[in-house]
$ cat input.cif   # mmCIF, C-alpha atoms
data_work
#
loop_
_atom_site.label_atom_id
_atom_site.label_comp_id
_atom_site.auth_asym_id
_atom_site.auth_seq_id
_atom_site.Cartn_x
_atom_site.Cartn_y
_atom_site.Cartn_z
CA MET A 17 -10.15 -9.07 37.37
CA THR A 18 -11.75 -10.62 34.29
CA TRP A 19 -11.11 -9.21 30.85
CA LYS A 20 -14.71 -7.98 30.74
CA GLU A 21 -14.22 -6.00 33.93
CA GLU A 22 -10.94 -4.61 32.61
CA TYR A 23 -12.59 -3.62 29.35
CA LYS A 24 -15.40 -1.85 31.20
CA ASN A 25 -12.91 0.05 33.37
CA LYS A 26 -11.02 1.23 30.28
CA LEU A 27 -14.13 2.38 28.43
CA LYS A 28 -14.06 6.18 27.94
CA THR A 29 -15.86 8.93 26.10
CA PHE A 30 -14.27 10.35 22.95
CA LYS A 31 -13.29 13.50 24.88
CA GLU A 32 -11.66 11.48 27.66
CA ALA A 33 -9.78 9.43 25.08
CA ALA A 34 -8.59 12.54 23.22
CA ASP A 35 -7.37 14.05 26.49
CA LEU A 36 -4.88 11.19 26.86
CA ILE A 37 -2.84 12.80 24.08
CA LYS A 38 -0.45 15.48 25.30
CA SER A 39 1.38 18.31 23.58
CA ASN A 40 4.53 17.20 21.70
CA ASP A 41 3.36 13.56 21.52
CA ARG A 42 4.00 11.49 18.43
CA VAL A 43 0.68 9.86 17.47
CA VAL A 44 0.44 7.01 14.93
CA PHE A 45 -2.88 6.41 13.16
CA GLU A 46 -3.97 2.99 11.96
CA HIS A 47 -3.30 2.62 8.25
CA ALA A 48 -5.66 3.20 5.31
CA ALA A 49 -9.16 1.70 5.66
CA GLY A 50 -8.46 0.93 9.31
CA GLU A 51 -8.35 4.62 10.23
CA PRO A 52 -10.94 5.20 13.01
CA LYS A 53 -12.98 8.08 11.65
CA SER A 54 -14.84 9.22 14.76
CA LEU A 55 -11.81 8.88 17.01
CA VAL A 56 -9.70 10.97 14.62
CA ASP A 57 -12.50 13.55 14.46
CA ALA A 58 -12.51 13.71 18.27
CA ILE A 59 -8.77 14.36 18.34
CA VAL A 60 -9.13 17.18 15.81
CA ALA A 61 -12.03 18.64 17.79
CA ASN A 62 -9.82 18.60 20.90
CA LYS A 63 -7.11 20.65 19.16
CA ASP A 64 -7.04 23.46 21.73
CA ALA A 65 -5.68 21.01 24.29
CA TYR A 66 -2.55 20.40 22.19
CA GLU A 67 0.51 22.06 20.77
CA ASN A 68 2.88 20.43 18.29
CA VAL A 69 1.34 16.97 18.19
CA GLU A 70 3.01 14.94 15.44
CA ILE A 71 0.61 12.70 13.50
CA VAL A 72 2.26 9.84 11.61
CA HIS A 73 0.67 7.46 9.12
CA MET A 74 0.79 6.12 5.60
CA VAL A 75 -2.25 6.12 3.26
CA PRO A 76 -4.91 8.57 4.54
CA MET A 77 -8.55 7.71 3.91
CA GLY A 78 -10.15 10.54 5.88
CA ASP A 79 -10.24 14.26 5.17
CA ALA A 80 -7.11 14.97 7.27
CA LYS A 81 -8.41 18.13 8.94
CA TYR A 82 -5.27 18.13 11.07
CA CYS A 83 -3.46 19.25 7.92
CA ASP A 84 -5.60 22.41 7.53
CA GLU A 85 -3.69 25.69 7.65
CA ASP A 86 -5.36 26.80 10.87
CA MET A 87 -4.18 23.62 12.61
CA SER A 88 -0.45 24.32 12.34
CA LYS A 89 -0.10 25.33 15.99
CA HIS A 90 -1.73 22.13 17.17
CA PHE A 91 -0.67 19.41 14.71
CA ARG A 92 2.23 18.58 12.42
CA HIS A 93 1.73 15.71 10.01
CA ASN A 94 4.63 13.41 9.21
CA SER A 95 3.60 11.42 6.15
CA LEU A 96 5.09 8.07 5.23
CA PHE A 97 2.91 7.93 2.10
CA VAL A 98 1.27 11.08 0.77
CA GLY A 99 -2.41 10.91 -0.18
CA SER A 100 -4.99 13.18 -1.75
CA SER A 101 -5.96 14.77 1.57
CA THR A 102 -2.39 15.37 2.75
CA LYS A 103 -0.37 16.24 -0.39
CA LYS A 104 -1.25 19.95 -0.32
CA ALA A 105 0.13 20.34 3.20
CA VAL A 106 3.28 18.42 2.25
CA SER A 107 3.81 20.43 -0.95
CA GLU A 108 3.42 23.68 1.02
CA ALA A 109 5.88 22.48 3.69
CA ARG A 110 3.19 22.60 6.38
CA ALA A 111 3.64 18.84 6.74
CA ASP A 112 6.65 16.57 6.39
CA PHE A 113 7.40 13.47 4.36
CA THR A 114 9.68 10.65 5.50
CA PRO A 115 10.93 8.37 2.69
CA THR A 116 10.88 4.71 3.68
CA PHE A 117 10.35 1.23 2.37
CA PHE A 118 7.05 -0.12 3.68
CA TYR A 119 8.60 -3.19 5.33
CA GLN A 120 10.90 -0.96 7.37
CA VAL A 121 8.19 1.18 9.00
CA PRO A 122 8.02 -0.98 12.16
CA ARG A 123 11.79 -0.60 12.45
CA LEU A 124 11.40 3.18 12.20
CA PHE A 125 9.05 3.06 15.18
CA ARG A 126 11.61 1.05 17.14
CA GLU A 127 14.66 3.10 16.24
CA SER A 128 13.85 6.54 14.80
CA LEU A 129 10.22 7.49 15.49
CA PRO A 130 9.31 6.30 19.01
CA VAL A 131 5.55 6.13 19.41
CA ASP A 132 3.78 7.92 22.24
CA VAL A 133 0.20 7.12 21.26
CA ALA A 134 -1.29 4.57 18.84
CA ILE A 135 -4.79 5.38 17.53
CA VAL A 136 -6.45 2.25 16.15
CA GLN A 137 -9.76 0.64 15.28
CA VAL A 138 -10.61 -2.91 16.32
CA SER A 139 -13.30 -5.54 16.20
CA LYS A 140 -15.44 -6.31 19.23
CA PRO A 141 -13.68 -8.56 21.79
CA ASP A 142 -14.12 -12.31 21.36
CA GLU A 143 -14.95 -14.65 24.22
CA HIS A 144 -11.30 -14.69 25.30
CA GLY A 145 -10.89 -10.91 25.39
CA TYR A 146 -9.04 -10.52 22.10
CA VAL A 147 -9.79 -7.83 19.54
CA SER A 148 -8.63 -7.87 15.92
CA LEU A 149 -6.96 -5.01 14.05
CA GLY A 150 -9.02 -6.17 11.10
CA VAL A 151 -8.05 -4.61 7.79
CA SER A 152 -4.73 -3.12 8.91
CA VAL A 153 -2.00 -5.10 10.66
CA ASP A 154 0.99 -3.82 8.59
CA TYR A 155 2.74 -1.23 10.81
CA THR A 156 -0.31 -0.87 13.07
CA LYS A 157 0.50 -3.94 15.20
CA ALA A 158 4.04 -2.69 15.80
CA ALA A 159 2.77 0.79 16.71
CA CYS A 160 0.48 -0.76 19.33
CA GLN A 161 3.25 -2.92 20.76
CA LEU A 162 5.67 0.01 21.01
CA ALA A 163 3.35 2.86 22.04
CA LYS A 164 3.23 4.22 25.57
CA THR A 165 -0.56 4.56 25.20
CA VAL A 166 -2.94 2.63 22.92
CA ILE A 167 -6.41 4.05 22.23
CA ALA A 168 -8.85 1.85 20.31
CA GLN A 169 -12.21 2.54 18.72
CA VAL A 170 -14.28 -0.62 18.99
CA ASN A 171 -16.48 -1.08 15.93
CA LYS A 172 -18.76 -3.97 15.03
CA TYR A 173 -18.14 -3.23 11.35
CA MET A 174 -14.43 -4.04 11.62
CA PRO A 175 -13.93 -7.64 10.41
CA ARG A 176 -12.24 -10.11 12.69
CA THR A 177 -9.27 -11.14 10.60
CA LEU A 178 -6.94 -13.96 11.54
CA GLY A 179 -3.17 -14.32 11.61
CA GLU A 180 -1.22 -11.86 13.76
CA SER A 181 -4.01 -9.30 13.96
CA PHE A 182 -4.95 -9.79 17.61
CA LEU A 183 -4.45 -7.71 20.72
CA HIS A 184 -5.75 -8.60 24.17
CA VAL A 185 -7.87 -6.15 26.12
CA SER A 186 -5.00 -5.94 28.63
CA GLU A 187 -2.69 -4.55 25.90
CA ILE A 188 -4.93 -1.54 25.22
CA ASP A 189 -5.17 1.46 27.54
CA CYS A 190 -8.43 3.03 26.46
CA PHE A 191 -11.52 1.99 24.52
CA VAL A 192 -14.23 4.06 22.88
CA GLU A 193 -17.22 2.40 21.29
CA CYS A 194 -18.61 3.58 17.98
CA ASP A 195 -20.22 1.42 15.32
CA GLU A 196 -19.81 3.05 11.91
CA PRO A 197 -19.01 1.65 8.45
CA ILE A 198 -15.27 1.53 7.92
CA TYR A 199 -13.72 3.25 4.92
CA GLU A 200 -14.31 1.55 1.59
CA LEU A 201 -12.43 1.81 -1.69
CA PRO A 202 -14.90 1.73 -4.59
CA ASN A 203 -14.13 -0.60 -7.48
CA PRO A 204 -12.19 1.36 -10.13
CA LYS A 205 -13.46 1.93 -13.64
CA ILE A 206 -11.56 -0.26 -16.09
CA GLY A 207 -11.22 1.28 -19.55
CA GLU A 208 -9.88 -0.10 -22.81
CA ILE A 209 -6.31 0.99 -22.00
CA GLU A 210 -6.38 -0.79 -18.65
CA ARG A 211 -7.80 -3.90 -20.31
CA GLU A 212 -4.97 -3.99 -22.84
CA ILE A 213 -2.39 -3.56 -20.07
CA GLY A 214 -4.13 -6.25 -18.03
CA LYS A 215 -4.03 -8.65 -20.97
CA TYR A 216 -0.28 -8.18 -21.45
CA CYS A 217 0.42 -8.56 -17.72
CA ALA A 218 -1.71 -11.70 -17.55
CA SER A 219 0.38 -13.23 -20.33
CA LEU A 220 3.36 -13.18 -17.94
CA ILE A 221 1.45 -15.12 -15.26
CA ASN A 222 1.48 -18.91 -15.26
CA ASP A 223 -0.57 -21.57 -13.51
CA GLY A 224 0.66 -21.97 -9.94
CA ASP A 225 2.11 -18.46 -9.62
CA THR A 226 1.75 -16.37 -6.47
CA LEU A 227 0.67 -12.75 -6.96
CA GLN A 228 1.38 -9.41 -5.37
CA LEU A 229 -1.01 -6.71 -6.54
CA GLY A 230 -1.26 -2.99 -5.97
CA ILE A 231 -4.32 -0.76 -5.92
CA GLY A 232 -6.37 0.47 -8.85
CA ALA A 233 -7.74 -0.25 -12.29
CA ILE A 234 -4.66 -1.99 -13.69
CA PRO A 235 -4.38 -4.70 -10.99
CA ASP A 236 -8.13 -5.29 -11.27
CA ALA A 237 -7.81 -5.50 -15.06
CA VAL A 238 -5.05 -8.08 -14.66
CA LEU A 239 -7.28 -10.19 -12.44
CA SER A 240 -10.05 -10.10 -15.03
CA PHE A 241 -7.79 -11.93 -17.50
CA LEU A 242 -6.85 -14.72 -15.09
CA THR A 243 -10.12 -16.63 -15.04
CA GLU A 244 -8.64 -19.52 -17.04
CA LYS A 245 -5.53 -19.85 -14.85
CA LYS A 246 -5.18 -22.53 -12.20
CA ASP A 247 -3.83 -22.77 -8.66
CA LEU A 248 -2.87 -19.14 -8.15
CA GLY A 249 -1.81 -17.84 -4.75
CA ILE A 250 -1.69 -14.49 -2.95
CA HIS A 251 1.21 -13.04 -0.99
CA SER A 252 0.67 -9.30 -1.19
CA GLU A 253 0.95 -6.21 0.95
CA MET A 254 -2.76 -5.75 0.18
CA PHE A 255 -5.55 -7.04 -1.97
CA SER A 256 -9.01 -5.90 -2.95
CA ASP A 257 -12.35 -7.17 -4.27
CA GLY A 258 -11.00 -8.70 -7.50
CA VAL A 259 -9.18 -11.38 -5.54
CA VAL A 260 -12.47 -12.46 -3.94
CA ASP A 261 -13.99 -13.05 -7.38
CA LEU A 262 -11.09 -15.27 -8.48
CA TYR A 263 -11.16 -17.17 -5.20
CA ASN A 264 -14.88 -17.86 -5.63
CA LYS A 265 -14.18 -19.19 -9.14
CA GLY A 266 -11.52 -21.55 -7.80
CA VAL A 267 -8.69 -19.81 -9.67
CA ILE A 268 -7.03 -18.70 -6.42
CA ASN A 269 -6.59 -21.59 -4.01
CA ASN A 270 -3.01 -21.08 -2.73
CA LYS A 271 -2.25 -24.80 -3.18
CA LYS A 272 1.04 -24.27 -5.02
CA LYS A 273 2.54 -21.68 -2.68
CA THR A 274 5.97 -22.32 -1.24
CA THR A 275 5.25 -20.48 2.01
CA ASN A 276 1.96 -20.37 3.93
CA LYS A 277 0.49 -23.01 1.63
CA GLY A 278 -3.28 -22.79 1.46
CA LYS A 279 -3.37 -19.24 2.82
CA MET A 280 -3.72 -15.78 1.33
CA VAL A 281 -1.24 -13.49 3.07
CA ALA A 282 -1.63 -9.71 3.31
CA ALA A 283 -0.62 -6.80 5.53
CA PHE A 284 -3.65 -4.61 4.88
CA LEU A 285 -6.89 -4.62 2.89
CA MET A 286 -8.75 -1.96 0.91
CA GLY A 287 -12.03 -2.58 -0.88
CA THR A 288 -15.77 -2.67 -0.44
CA ARG A 289 -17.90 -4.36 2.18
CA LYS A 290 -17.82 -7.43 -0.06
CA LEU A 291 -14.11 -7.81 0.69
CA TYR A 292 -14.48 -7.10 4.41
CA ASP A 293 -17.24 -9.71 4.76
CA PHE A 294 -15.11 -12.23 2.86
CA VAL A 295 -12.12 -11.91 5.19
CA ASP A 296 -14.18 -11.85 8.38
CA ASP A 297 -13.16 -14.90 10.45
CA ASN A 298 -11.86 -16.55 7.25
CA PRO A 299 -9.13 -19.10 8.07
CA GLU A 300 -7.81 -18.97 4.51
CA VAL A 301 -6.76 -15.32 4.93
CA ILE A 302 -4.00 -14.43 7.35
CA MET A 303 -3.07 -10.84 8.14
CA MET A 304 0.57 -10.34 9.07
CA PRO A 305 2.87 -7.43 9.99
CA VAL A 306 4.46 -5.66 7.04
CA ASP A 307 7.99 -6.46 8.19
CA TYR A 308 7.06 -10.06 7.43
CA VAL A 309 4.81 -9.73 4.37
CA ASN A 310 6.99 -7.17 2.55
CA ASN A 311 10.39 -8.32 3.75
CA PRO A 312 12.38 -9.19 0.60
CA VAL A 313 14.00 -12.09 2.46
CA VAL A 314 10.53 -13.57 3.06
CA ILE A 315 9.29 -12.77 -0.44
CA MET A 316 12.29 -14.46 -2.06
CA GLN A 317 11.25 -17.76 -0.45
CA GLU A 318 8.02 -17.76 -2.47
CA ASP A 319 8.80 -19.53 -5.75
CA ASN A 320 7.07 -18.18 -8.86
CA ILE A 321 6.00 -14.91 -7.29
CA VAL A 322 4.85 -12.19 -9.67
CA SER A 323 4.84 -8.58 -8.46
CA ILE A 324 2.61 -6.08 -10.29
CA ASN A 325 2.85 -2.36 -9.55
CA SER A 326 2.37 0.93 -11.38
CA CYS A 327 4.32 4.11 -11.91
CA ILE A 328 4.27 7.69 -13.15
CA GLN A 329 7.26 7.76 -15.49
CA VAL A 330 10.03 5.56 -16.92
CA ASP A 331 13.13 6.90 -18.64
CA LEU A 332 14.93 5.17 -21.48
CA MET A 333 17.45 3.65 -19.04
CA GLY A 334 14.64 1.95 -17.11
CA GLN A 335 14.57 4.22 -14.08
CA VAL A 336 11.07 4.14 -12.58
CA VAL A 337 9.40 7.14 -10.91
CA SER A 338 6.34 6.13 -8.91
CA GLU A 339 5.89 8.66 -6.13
CA SER A 340 6.51 12.21 -7.33
CA ILE A 341 5.83 14.58 -10.20
CA GLY A 342 9.03 16.55 -10.35
CA GLU A 343 9.73 17.52 -6.76
CA THR A 344 6.06 17.32 -5.76
CA GLN A 345 5.50 14.26 -3.59
CA ILE A 346 2.15 12.64 -4.46
CA SER A 347 2.44 9.22 -2.82
CA GLY A 348 5.35 7.13 -1.50
CA VAL A 349 7.52 4.12 -2.20
CA GLY A 350 5.02 1.86 -0.46
CA GLY A 351 5.82 -1.78 -1.10
CA GLN A 352 6.93 -1.50 -4.71
CA VAL A 353 10.66 -1.89 -4.13
CA ASP A 354 10.12 -4.47 -1.37
CA PHE A 355 8.42 -6.78 -3.87
CA VAL A 356 10.55 -5.90 -6.89
CA ARG A 357 13.64 -6.94 -4.95
CA GLY A 358 12.02 -9.94 -3.29
CA ALA A 359 10.73 -11.21 -6.63
CA SER A 360 14.14 -10.72 -8.25
CA MET A 361 15.68 -13.07 -5.68
CA ALA A 362 12.89 -15.67 -5.82
CA LYS A 363 13.05 -18.79 -7.95
CA ASN A 364 11.30 -17.87 -11.22
CA GLY A 365 10.20 -14.57 -9.70
CA ARG A 366 9.08 -11.72 -11.96
CA SER A 367 8.30 -8.07 -11.31
CA ILE A 368 6.10 -6.00 -13.57
CA ILE A 369 5.71 -2.22 -13.66
CA ALA A 370 2.53 -1.45 -15.60
CA MET A 371 1.25 1.93 -16.75
CA PRO A 372 -0.68 3.68 -19.51
CA SER A 373 1.73 4.99 -22.15
CA THR A 374 0.54 8.59 -21.71
CA VAL A 375 -1.09 10.99 -19.29
CA LYS A 376 -4.52 11.39 -20.94
CA GLY A 377 -2.85 11.40 -24.36
CA LYS A 378 -1.00 14.65 -23.62
CA PHE A 379 2.37 13.52 -22.25
CA SER A 380 4.38 10.38 -22.73
CA LYS A 381 5.14 8.38 -19.60
CA ILE A 382 8.19 6.95 -21.34
CA VAL A 383 10.70 9.78 -21.49
CA PRO A 384 14.35 10.33 -22.45
CA VAL A 385 15.08 11.83 -19.02
CA ILE A 386 12.92 11.82 -15.91
CA ASP A 387 11.50 15.14 -14.73
CA GLU A 388 13.89 17.43 -12.90
CA LYS A 389 13.97 16.74 -9.13
CA ALA A 390 11.79 13.65 -9.44
CA ALA A 391 12.62 10.79 -7.08
CA VAL A 392 13.64 7.47 -8.61
CA THR A 393 11.61 4.73 -6.90
CA THR A 394 12.78 1.55 -8.63
CA SER A 395 16.33 1.74 -9.93
CA ARG A 396 17.41 0.69 -13.39
CA CYS A 397 19.28 -2.24 -11.80
CA ASP A 398 16.11 -3.52 -10.14
CA VAL A 399 13.65 -3.13 -13.02
CA ASP A 400 12.41 -6.26 -14.79
CA TYR A 401 9.30 -5.91 -17.01
CA ILE A 402 7.64 -2.65 -18.13
CA VAL A 403 4.16 -2.99 -19.62
CA THR A 404 1.94 -0.46 -21.42
CA GLU A 405 -1.12 -0.92 -23.61
CA TYR A 406 1.33 -1.29 -26.53
CA GLY A 407 3.21 -4.29 -25.21
CA ILE A 408 5.91 -5.66 -22.93
CA ALA A 409 9.52 -4.52 -22.54
CA HIS A 410 11.75 -6.97 -20.69
CA LEU A 411 14.68 -4.92 -19.43
CA ARG A 412 16.59 -7.17 -17.05
CA GLY A 413 19.96 -8.12 -18.51
CA LYS A 414 19.63 -5.67 -21.39
CA THR A 415 22.14 -2.98 -22.32
CA LEU A 416 21.12 0.66 -22.14
CA ARG A 417 20.85 0.68 -25.93
CA GLU A 418 18.62 -2.41 -25.91
CA ARG A 419 16.48 -1.02 -23.10
CA SER A 420 15.93 2.21 -24.95
CA LYS A 421 14.75 0.39 -28.08
CA ALA A 422 12.45 -1.92 -26.10
CA LEU A 423 10.82 0.98 -24.28
CA ILE A 424 10.34 3.04 -27.43
CA ALA A 425 8.54 0.06 -28.97
CA ILE A 426 5.86 0.17 -26.21
CA ALA A 427 5.57 3.97 -26.10
CA HIS A 428 2.54 5.72 -27.55
CA PRO A 429 2.96 6.10 -31.36
CA ASP A 430 2.51 9.87 -31.11
CA PHE A 431 5.73 10.17 -29.10
CA ARG A 432 7.93 7.52 -30.69
CA ASP A 433 9.59 9.79 -33.26
CA GLU A 434 10.78 12.15 -30.53
CA LEU A 435 12.05 9.24 -28.42
CA ILE A 436 13.82 7.70 -31.43
CA LYS A 437 15.52 11.02 -32.11
CA GLU A 438 16.82 11.15 -28.55
CA HIS A 439 17.91 7.51 -28.71
CA ASN A 440 19.86 7.97 -31.94
CA LYS A 441 21.49 11.12 -30.61
CA LYS A 442 22.64 9.38 -27.43
CA PHE A 443 23.76 6.08 -28.93
CA LYS A 444 24.99 7.33 -32.32
CA ASP A 445 22.46 4.93 -33.79
CA ASP A 446 20.13 4.86 -36.80
CA PHE A 447 17.33 3.00 -35.03
CA SER A 448 13.81 3.21 -36.45
CA LEU A 449 10.50 1.41 -36.05
#
$ encode --input "input.cif" --output "structure tokens"
Amino acid sequence: MTWKEEYKNKLKTFKEAADLIKSNDRVVFEHAAGEPKSLVDAIVANKDAYENVEIVHMVPMGDAKYCDEDMSKHFRHNSLFVGSSTKKAVSEARADFTPTFFYQVPRLFRESLPVDVAIVQVSKPDEHGYVSLGVSVDYTKAACQLAKTVIAQVNKYMPRTLGESFLHVSEIDCFVECDEPIYELPNPKIGEIEREIGKYCASLINDGDTLQLGIGAIPDAVLSFLTEKKDLGIHSEMFSDGVVDLYNKGVINNKKKTTNKGKMVAAFLMGTRKLYDFVDDNPEVIMMPVDYVNNPVVIMQEDNIVSINSCIQVDLMGQVVSESIGETQISGVGGQVDFVRGASMAKNGRSIIAMPSTVKGKFSKIVPVIDEKAAVTTSRCDVDYIVTEYGIAHLRGKTLRERSKALIAIAHPDFRDELIKEHNKKFKDDFSL
């Protein structure tokens, strides 16, 4: 049987595909922008056929109707990274949250969360019968390899990315065809605060460095200040449109990388169609599983790697809170700690935690003590640089007293007196600015 015949035999309607899921199955959705919208909608519409189906994924991009209150009999969401459409269900204990480092998610599927069904979105088959997972390889490839059943939505809008993104038609149990634009992440608005933070972060980046960047206005602001740099590289769990601009200007060429020289390496992608068209069949971009990209042992081999991430709160000891407000889970660890630790072990590696100094001018993000019940994401022993719009605090190797002073110096002026008071009380000091 040829692959084309096999593909045709496996082609089903959305209803037939949804019926392959059984009550009590654990179902893993493709990550982030790779989430197959129409296939997920078909599963939700088929709810009466299920009881207690566990849905597992990280960043949600859809509306997560399976988390609605009237779905509790049919679905139970197990979040590995809470998003805007799932946080209400998690906070109300109608959904669960599993803490994990991003690079260890494939291991969870092997050891702790065996996968019954993988729900993915792929490019159209090439002439050899291979489809690409496109914008999401990360844990998605492992889920497909470990699942008892793999159901794929075939979509001409999914880019054909290279690297380890491919599955053969023979490795997939069911196909549904639906051409629809994949999820996009609009370019964020960069304000004056983000520009100041970006400028400070950029001052810590040298020619020839390799970058890991998160999502949002601050990473994009950093990129905007790198136009005069040379020979930058990318080894990042994800990247977005700003990287494309620097590549087109010749700033990013990956020539100085220690590993995968000449290649941008990522586990997933989130951006606009501009990004997706750029990576389509692009040999200079390789998509790899997250247990490779985010593995600290791999990251440490990349000389001069600079990790840039954000957070919610930092206390005067340098403890970083990035995933919860008090006990309310609003995101997850993601790859922050993976890269902080990998960069700390790399030759000339640096990790930066960047944030505005306040929450809309009302609350300081630099605090004497983190909020009660908040989860510490990056420990005080792991932290390196903290950056706000008021400057840079280099904490590694500093005493608690020195850290406290350095952080107060980059806090918002409206809150420095209160922080100084707490510092002097704790350290029996007479510090002032």
$ resolve_selection --input "input.cif" --expression "the PyMOL selection byres ((chain A and resi 85) around 12)" --output "VMD selection string"
chain A and resid 80 to 84 86 to 93 102 104 to 106 108 to 111
$ closest_residue --input "input.cif" --among "A:Ser395, A:Ser360, A:Thr177, A:Asn94" --to "Val281 of chain A" --atoms "all atoms listed in the file"
A:Thr177
$ closest_residue --input "input.cif" --among "A:Ala48, A:Ile37, A:Leu227, A:Leu129" --to "Val166 of chain A" --atoms "all atoms listed in the file"
A:Ile37
$ resolve_selection --input "input.cif" --expression "the PyMOL selection byres ((chain A and resi 399) around 10)" --output "list in words"
Met333, Gly334, Gln335, Val336, Val353, Val356, Arg357, Ser360, Arg366, Ser367, Ile368, Ile369, Thr394, Ser395, Arg396, Cys397, Asp398, Asp400, Tyr401, Ile402, His410, Leu411, Arg412 and Gly413 of chain A
$ resolve_selection --input "input.cif" --expression "the PyMOL selection byres ((chain A and resi 289-305) around 8)" --output "ChimeraX atom specification"
/A:151-158,174-181,200,256-257,260,278-284,286-288,306-309
$ atom_distance --input "input.cif" --atom1 "atom CA of Gln161 of chain A" --atom2 "atom CA of Leu149 of chain A"
12.4 Å
$ atom_distance --input "input.cif" --atom1 "atom CA of Ile386 of chain A" --atom2 "atom CA of Glu405 of chain A"
20.5 Å
$ closest_residue --input "input.cif" --among "A:Ala409, A:Ala159, A:Ile328, A:Ala49" --to "Pro202 of chain A" --atoms "only C-alpha atoms"
A:Ala49
$ atom_distance --input "input.cif" --atom1 "atom CA of Val131 of chain A" --atom2 "atom CA of Phe117 of chain A"
18.4 Å
$ residues_around --input "input.cif" --residues "Lys441 of chain A" --least-positions-apart "6" --cutoff "12 Å" --atoms "all atoms listed in the file" --output "PyMOL selection string"
chain A and resi 384+417+420+434-435+447
$ write_last_selection --input "input.cif" --atoms "C-alpha atoms" --output "CSV table (one decimal), in the coordinates of the input"
chain,number,residue,atom,x,y,z
A,384,PRO,CA,14.4,10.3,-22.4
A,417,ARG,CA,20.8,0.7,-25.9
A,420,SER,CA,15.9,2.2,-25.0
A,434,GLU,CA,10.8,12.2,-30.5
A,435,LEU,CA,12.0,9.2,-28.4
A,447,PHE,CA,17.3,3.0,-35.0
$ residues_around --input "input.cif" --residues "Ile206 of chain A" --least-positions-apart "6" --cutoff "9 Å" --atoms "all atoms listed in the file" --output "PyMOL selection string"
chain A and resi 232-234+236-237
$ residues_around --input "input.cif" --residues "Glu46 of chain A" --least-positions-apart "2" --cutoff "6 Å" --atoms "all atoms listed in the file" --output "ChimeraX atom specification"
/A:50-51,136,156
$ residues_around --input "input.cif" --residues "Ile213 of chain A" --least-positions-apart "6" --cutoff "12 Å" --atoms "all atoms listed in the file" --output "PyMOL selection string"
chain A and resi 206-207+219-220+233-241+324-326+368-373+402-408+426
$ residues_near_point --input "input.cif" --point "(-15.3, 2.9, 11.3)" --cutoff "10 Å" --atoms "only C-alpha atoms" --output "JSON, numbers by chain"
{"A": [49, 50, 51, 52, 53, 54, 55, 137, 138, 139, 169, 170, 171, 172, 173, 174, 194, 195, 196, 197, 198, 199, 200]}
$ axis_aligned_box --input "input.cif" --around "segment 431-440 of chain A" --padding-each-side "5 Å" --output "AutoDock Vina command-line options"
--center_x 12.8 --center_y 9.8 --center_z -30.8 --size_x 24.1 --size_y 14.6 --size_z 14.8
$ closest_residue --input "input.cif" --among "A:Cys327, A:Leu449, A:Ala422, A:Ile321" --to "Val392 of chain A" --atoms "only C-alpha atoms"
A:Cys327
$ residues_near_point --input "input.cif" --point "(3.0, -15.5, -13.7)" --cutoff "7 Å" --atoms "all atoms listed in the file" --output "MDAnalysis selection string"
chainID A and resid 220:222 225 320 322
$ write_last_selection --input "input.cif" --atoms "C-alpha atoms" --output "JSON list (two decimals), in the coordinates of the input"
[["chain", "number", "residue", "atom", "x", "y", "z"],
["A", 220, "LEU", "CA", 3.36, -13.18, -17.94],
["A", 221, "ILE", "CA", 1.45, -15.12, -15.26],
["A", 222, "ASN", "CA", 1.48, -18.91, -15.26],
["A", 225, "ASP", "CA", 2.11, -18.46, -9.62],
["A", 320, "ASN", "CA", 7.07, -18.18, -8.86],
["A", 322, "VAL", "CA", 4.85, -12.19, -9.67]]
$ residues_around --input "input.cif" --residues "Lys164 of chain A" --least-positions-apart "5" --cutoff "9 Å" --atoms "only C-alpha atoms" --output "list in words"
Val131, Asp132, Val133 and Ala134 of chain A
$ closest_residue --input "input.cif" --among "A:Lys103, A:Lys376, A:Lys26, A:Pro130" --to "Glu70 of chain A" --atoms "all atoms listed in the file"
A:Pro130
$ closest_residue --input "input.cif" --among "A:Asp142, A:Val185, A:Ala65, A:Val72" --to "Asn25 of chain A" --atoms "only C-alpha atoms"
A:Val185
